[in-house]
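> One structure, pasted below without further comment.
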Amino acid sequence: MDAAHIRNFSIIAHIDHGKTTLSDRLLHRTGTISTREMEDQLLDSMDLERERGITIKAHPVTMLYRAKNGEDYELNLIDTPGHVDFTYEVSRSLSACEGALLIVDAAQGVEAQTVANVHLAMKQNLTIIPVINKIDLPHADVALAKQQLEDILAIPAETAIPASAKEGIGIEEILEAIVERIPPPKPTGQGSLQALAFDSYFDTYKGVVTHVRVFNGELKPGMNIKLLHSGKNYEVKEVGSFNPKPYTRPRLELGETGFMTANIKSAAEVKMGDTITDARNPAPQLPGFKEIHPMVFSGIYPINTADYEHLKQNMAKLQLNDSAFVYQAETSVALGFGFRCGFLGLLHMEIVQERLRREYGMDIIATYPSVVYRVTMTDQTVKEIDNPAFLPEPNYIEKIEEPMVKAFIICPNEYIGDMMALVSEKRGTLDHTETLDTKRVMLHNLVPLGEILIDFHDRIKSITRGYGSMDYEHAGYQASEMVKLDMLVNGESVDAFSCIVHRSKAEGRGRALALKLKEVIPRQQYQVKIQAAIGGKIIASESVSALRKDVTAKCYGGDITRKRKLLEKQKEGKKRMKSVGSVNIPQEAFIEVLKT
Amino acid sequence: MLDSCDGRVGGLYVHVPFCAQKCIYCAFYSEASSGELIQRYVRALIRELELVAPALKPRTIFFGGGTPSLLNLRQWSEILSAMDRLNLLGAEEFTVECNPATVSLDKARLLREHGVNRLSLGVQSLDASLLDRLGRVHTRDMVFRSFEILRRAGFDNLNLDLMFAIPGQTLEVWRQTLREALALGSEHLSSYEVIYEEDTPLFQQLQAGRFDRDEDLACAMYEELVERAASAGLCQYEIANFARNEKGASPKSPHSLPTRACRHNVNYWRGGSFHGLGPSATEYIGGVRTRNWANTQRYCEQLEQGKRALESREELAPFARAGETAAFGLRMVAGWPFEDFQRTTGHDLRREWASDMETLVRRGWGERSRESFRLSPTGLRFADAAAELFLR
């Protein structure tokens with residue numbers, strides 16, 4: 001297709017605002033999928049979304065559309081992941097487009113996540129087509145939604161298209177707007193191929209299947225290509241598009257979107273945002289590439305130490321499809337052999353852990369997540385520390401810096417006070433407040449990333465009864481008074497319980513952890529002392545009193561089998577406990593501590 | 001052990017699965033009694049006795065339940081006559097469990113005439129409100145009255161069952177029960193902590209948070225029990241069992257049992273064989289453990305067709321079986337004489353369990369001599385942890 005008849009766009013929407021339903025409508029209206037397929041898809045994707053609360057990222061889909069002007073267009077819908085952890089991936093997907101549909105729920109209005117993604121789209125100079133969805137709902141307020149578009153996002157209200165993806169209202173208008181308002185792809189003016197790799201997945205037979213958008217020249221089988229950032233050369237095996245199933249095409253030309261296979265063995269070889277070019281006549285790289293760095297780290301250990309090799313294999317498999325997930329072997333005194341894993345954010349961490357458990361059936365235990373601290377030593381060298389165990393002794397440290405985020409919180413007016421209290425509890429500062437409409441405000445805050453890792457989002461949801469929403473973007477590092485908190489069991493430090501915390505919070509956390517451990521460590525035949533310490537100083541102390549008996553019940557001939565089975569089970573259970581200085585600590589203790 | 005010299009099994013347990021009312025802590029199989037079903041059960045039991053009689057020469061017999069004393073005079077008479085006919089009477093120890101509410105002089109005399117020489121009274125508590133709380137059908141007074149009736153009928157070997165750590169029981173209430181119970185002067189005392197068995201109302205109450213378990217209180221009660229029983233002349237010979245040691249019959253070695261120890265139960269802890277009859281009863285013969293259906297209807301149907309009513313069968317590998325025997329034998333104060341263990345199991349504690357004994361000795365839980373290994377008084381309180389070590 002000639003570039004003038006190609007449109008590349010994505011959809012920006014908050015969870016539940018109707019992205020999936022609208023996508024399916026567009027696919028259906030353009031004849032890409034049948035009515036039956038649409039219904040099937042609707043069900044599937046809605047279940048998935050509901051369960052995880054995120055949009056599972058889909059392949060880019062190519063639709064053919066005959067516009068009212070009688071001409072045929074190739075419309076490429078490029079999906080974006082719906083969560084802040086994946087900001088960079090969102091930005092790469094957006095940079096493959098010239099425009100974006102912005103969906104706003106007529107009943108819910110603009111949400112924090114939408115704001116963040118619209119900002120990303122605007123930074124890339126995308127043409128934004130606002131769609132006010134769900135206008136069929138009884139409590140839809142189209143006027144208010146339009147007002148918010150202007151006030152919050154500075155998007156002219158008259159450009160908005162009222163629609164109901166569910167009822168099929170406005171679909172025609174949206175398709176026409178895509179053709180009319182979104183500009184066609186333009187060549188970059190370079191002498192050879194430039195294609196953006198914006199996603200990939202692993203196929204057992206074909207290796208890595210890379211999602212590409214051609215910016216210049218053409219991509220076809222047999223070509224020798226080079227990935228500019230990884231510096232590697234490959235021979236293209238296949239190119240094609242999705243409709244939504246993959247189909248091969250003779251070539252992908254300027255402005256077209258689809259996939260490429262080239263016998264690439266691992267997703268790690270294809271960096272997100274890399275430029276694909278002609279190996280013999282390389283063109284310059286496309287703008288916007290960044291190495292992605294994990295922001296959150298956590299140890300993952302097999303509960304059964306014998307599963308280590310198995311876990312290792314499964315992590316490798318997971319990484320094939322998820323190049324943002326990194327891991328390396330580590331050992332813990334308390335947990336044995338495991339892996340230090342890096343994630344883009346908390347949700348990414350949860351997804352990986354959940355997939356290991358569910359898809360791979362692994363019994364795993366994850367340690368308290370940590371961010372990456374930047375530690376300047378007295379000799380001026382700088383270390384990045386993501387594991388409390390490796391934090392140097394305080395006398396060698398000149399300063400510690402922690403990663404900060406700009407957190408946007410949108411909440412109903414009546415909760416402003418509570419939100420400000422929450423932000424300050426999390427050591428954040430309120431930068432400014434923005435009134436969205438008569439009912440809601442947006443708070444702009446600067447908060448340490450480490451503080452929002454655990455329960456920040458849940459707390460916002462519970463304080464605002466579900467009406468509040470939050471999003472964040474990274475905002476560099478800031479010096480901070482961080483200390484290492486150690487938990488000691490009968491005098492021995494348990495590395496898996498250690499964490500890096502702000503000095504102002506160390507004592508509270510130490511006390512809470514000690515109390516929790518007291519609850520979860522079963523009584524043993526001797527007293528168990530639990531202490532929290534900073535440096536050498538004990539800041540909290542608890543003890544589990546000694547057990548004085550374990551049995552005084554009767555047992556006769558008919559009780560023996562059952563009793564024996566019970567004892568066998570206990571014996572098995574003790575094998576799975578971690579023994580720290582002769583104290584048996586059950587796995588649950590490690591899990592409970594993570595929740596503290 | 002109790003296997004007779006002619007190779008026939010020497011232990012017989014009979015389960016009587018009927019109760020006037022189910023107690024809230026009880027997980028044994030029993031059901032409310034209906035006259036017709038009891039009668040059918042009696043016939044089925046006699047049939048089962050006939051089936052096992054050729055391989056049985058009981059030296060100890062134990063009728064447990066349920067409530068064996070719930071059977072009426074005619075039913076007892078039928079069972080005992082059948083046993084007589086099958087040449088199953090004349091055991092050295094023949095125990096029947098009784099509920100204090102169902103004891104009568106006539107019944108006691110009938111049992112006595114047929115060779116029953118030991119009765120076990122399910123007292124549980126002597127506190128009126130706790131009896132009520134537990135769902136017991138008898139009163140305090142019935143305990144004293146029935147004890148006297150049994151003495152009058154000529155029984156000189158009586159056991160009382162007492163429970164402690166009952167929710168709501170204070171240390172003071174427990175002391176009072178102990179005082180009154182010991183004053184009766186029974187030859188044997190079985191006393192144990194409440195067990196929270198799944199599928200019992202008591203367990204559900206615990207789950208629902210209606211009360212909390214107090215480990216320290218339970219332990220104090222246990223200590224109280226051991227102390228008071230000893231000063232009343234009852235020596236502890238197993239975690240939950242105490243018996244009188246009659247004058248003149250002074251023990252040959254410190255490890256031997258008190259004369260009034262329940263030999264039927266000792267056979268269980270020593271890994272001996274026994275037949276188990278009646279619904280839900282367990283039987284252990286030649287290392288094979290089987291269990292009857294815990295359903296009286298089904299039990300009767302099977303026997304009416306002339307078959308044993310076996311629900312399950314378990315046969316452990318010899319080494320695992322020896323581990324089990326070791327583990328449960330340690331519940332006895334005398335522990336395991338090495339020779340006895342080897343004779344019973346074919347394995348040597350000194351060889352295969354040396355490091356486990358060593359561990360327990362080091363912890364102060366075990367005492368090892370040339371002839372035997374046993375748990376120390378502290379070790380007895382941790383008999384489960386000790387047992388766990390010995391399982392294979």
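Each chain in the structure tokens gets a letter, A, B and so on, in the order shown; residues start at 1 in every chain, and ligands are counted from 1 in the order they appear.
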Any idea which chain B residues end up within 6 Å of chain A if we count only C-alpha atoms, as a VMD selection string please?
chain B and resid 192 to 193 240 268 282 381 to 382 388
> List every residue of region 83-310 of chain B that DSSP, applied to the backbone, labels as helix (DSSP H, G or I), and write the result as an MDAnalysis selection string.
chainID B and resid 83:85 100:102 105:113 128:134 140:152 171:183 201:207 215:231 263:269 296:304
> Measuring atom to atom with only C-alpha atoms, identify which of B:Ala108, B:Leu349, B:Ala320, B:Val194 is nearest to Pro68 (chain B).
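Ranking B:Ala108, B:Leu349, B:Ala320, B:Val194 by distance to Pro68 (chain B), first place goes to B:Ala108.
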> Excluding Leu360 (chain B) and any residue of its chain fewer than 4 positions from it, enumerate the residues within 9 Å of it, using only C-alpha atoms, and give them as a PyMOL selection string.
chain B and resi 355-356+364-367+375+379+386
> So that I can see what lies close to Lys232 (chain A), please list as a list in words the residues with an atom at most 9 Å from it, counting only C-alpha atoms and leaving out residues fewer than 6 positions away in the same chain.
Ile225, Lys226 and Glu269 of chain A
> Please produce a file of the residues just selected, as an mmCIF file, in the first residue's frame, where the atoms kept are N, CA and C atoms.

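After the write, part-v2.cif holds the following:
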data_model
loop_
_atom_site.group_PDB
_atom_site.id
_atom_site.type_symbol
_atom_site.label_atom_id
_atom_site.label_comp_id
_atom_site.auth_asym_id
_atom_site.auth_seq_id
_atom_site.Cartn_x
_atom_site.Cartn_y
_atom_site.Cartn_z
ATOM 1 N N ILE A 225 20.054 -7.798 7.594
ATOM 2 C CA ILE A 225 19.736 -6.617 8.393
ATOM 3 C C ILE A 225 20.651 -6.530 9.599
ATOM 4 N N LYS A 226 20.675 -5.348 10.175
ATOM 5 C CA LYS A 226 21.476 -5.113 11.370
ATOM 6 C C LYS A 226 20.575 -4.460 12.406
ATOM 7 N N GLU A 269 17.984 -10.399 22.599
ATOM 8 C CA GLU A 269 18.779 -9.873 21.483
ATOM 9 C C GLU A 269 18.079 -8.721 20.772
#
> Mind checking which residues fall within 10 Å of Asp136 (chain A), counting only C-alpha atoms, ignoring those fewer than 3 positions away in the same chain, and posting them as a PyMOL selection string?
chain A and resi 106-107+133+139-140+162-167+169
> Excluding same-chain residues fewer than 3 positions from Gln75 (chain B), what lies within 9 Å of it counting only C-alpha atoms, as a list in words?
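Skipping anything fewer than 3 positions along the chain leaves Ile38, Gln39, Val42, Leu71, Asn72, Glu78, Ile79 and Leu80 of chain B.
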> Write the residues of the selection above to a file with C-alpha atoms, as a PDB file, in the first residue's frame.

ATOM      1  CA  ILE B  38     -28.714 -52.186  67.984  1.00  0.00           C
ATOM      2  CA  GLN B  39     -30.331 -55.559  67.733  1.00  0.00           C
ATOM      3  CA  VAL B  42     -25.567 -57.479  68.026  1.00  0.00           C
ATOM      4  CA  LEU B  71     -26.503 -52.291  75.374  1.00  0.00           C
ATOM      5  CA  ASN B  72     -29.261 -53.770  77.514  1.00  0.00           C
ATOM      6  CA  GLU B  78     -26.463 -62.671  73.818  1.00  0.00           C
ATOM      7  CA  ILE B  79     -22.962 -61.381  73.082  1.00  0.00           C
ATOM      8  CA  LEU B  80     -21.373 -62.949  76.145  1.00  0.00           C
TER       9      LEU B  80
END
> With distances taken over only C-alpha atoms, which of A:Gln148, A:Asn304, A:Ser266, A:Ser424 is nearest to Thr114 (chain A)?
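Between A:Gln148, A:Asn304, A:Ser266, A:Ser424, the residue approaching Thr114 (chain A) most closely is A:Gln148.
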> Find the residues near region 233-243 of chain A: any atom within 10 Å, counting only C-alpha atoms, skip ones fewer than 5 places away on the same chain, and give them as a PyMOL selection string.
chain A and resi 27+31-33+59-64+76-77+206+209-212+219-228+248-252+256-264+276-280
> Using only C-alpha atoms, which of A:Leu430, A:Val115, A:Ala306, A:Ala324 sits nearest Glu291 (chain A)?
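Among the listed residues, the smallest separation from Glu291 (chain A) belongs to A:Ala324.
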> Where in region 314-455 of chain A does DSSP assign strand (DSSP E), given as a VMD selection string?
chain A and resid 326 to 332 336 to 343 364 to 366 370 to 371 373 to 377 382 to 385 397 to 412 429 to 435 440 to 448
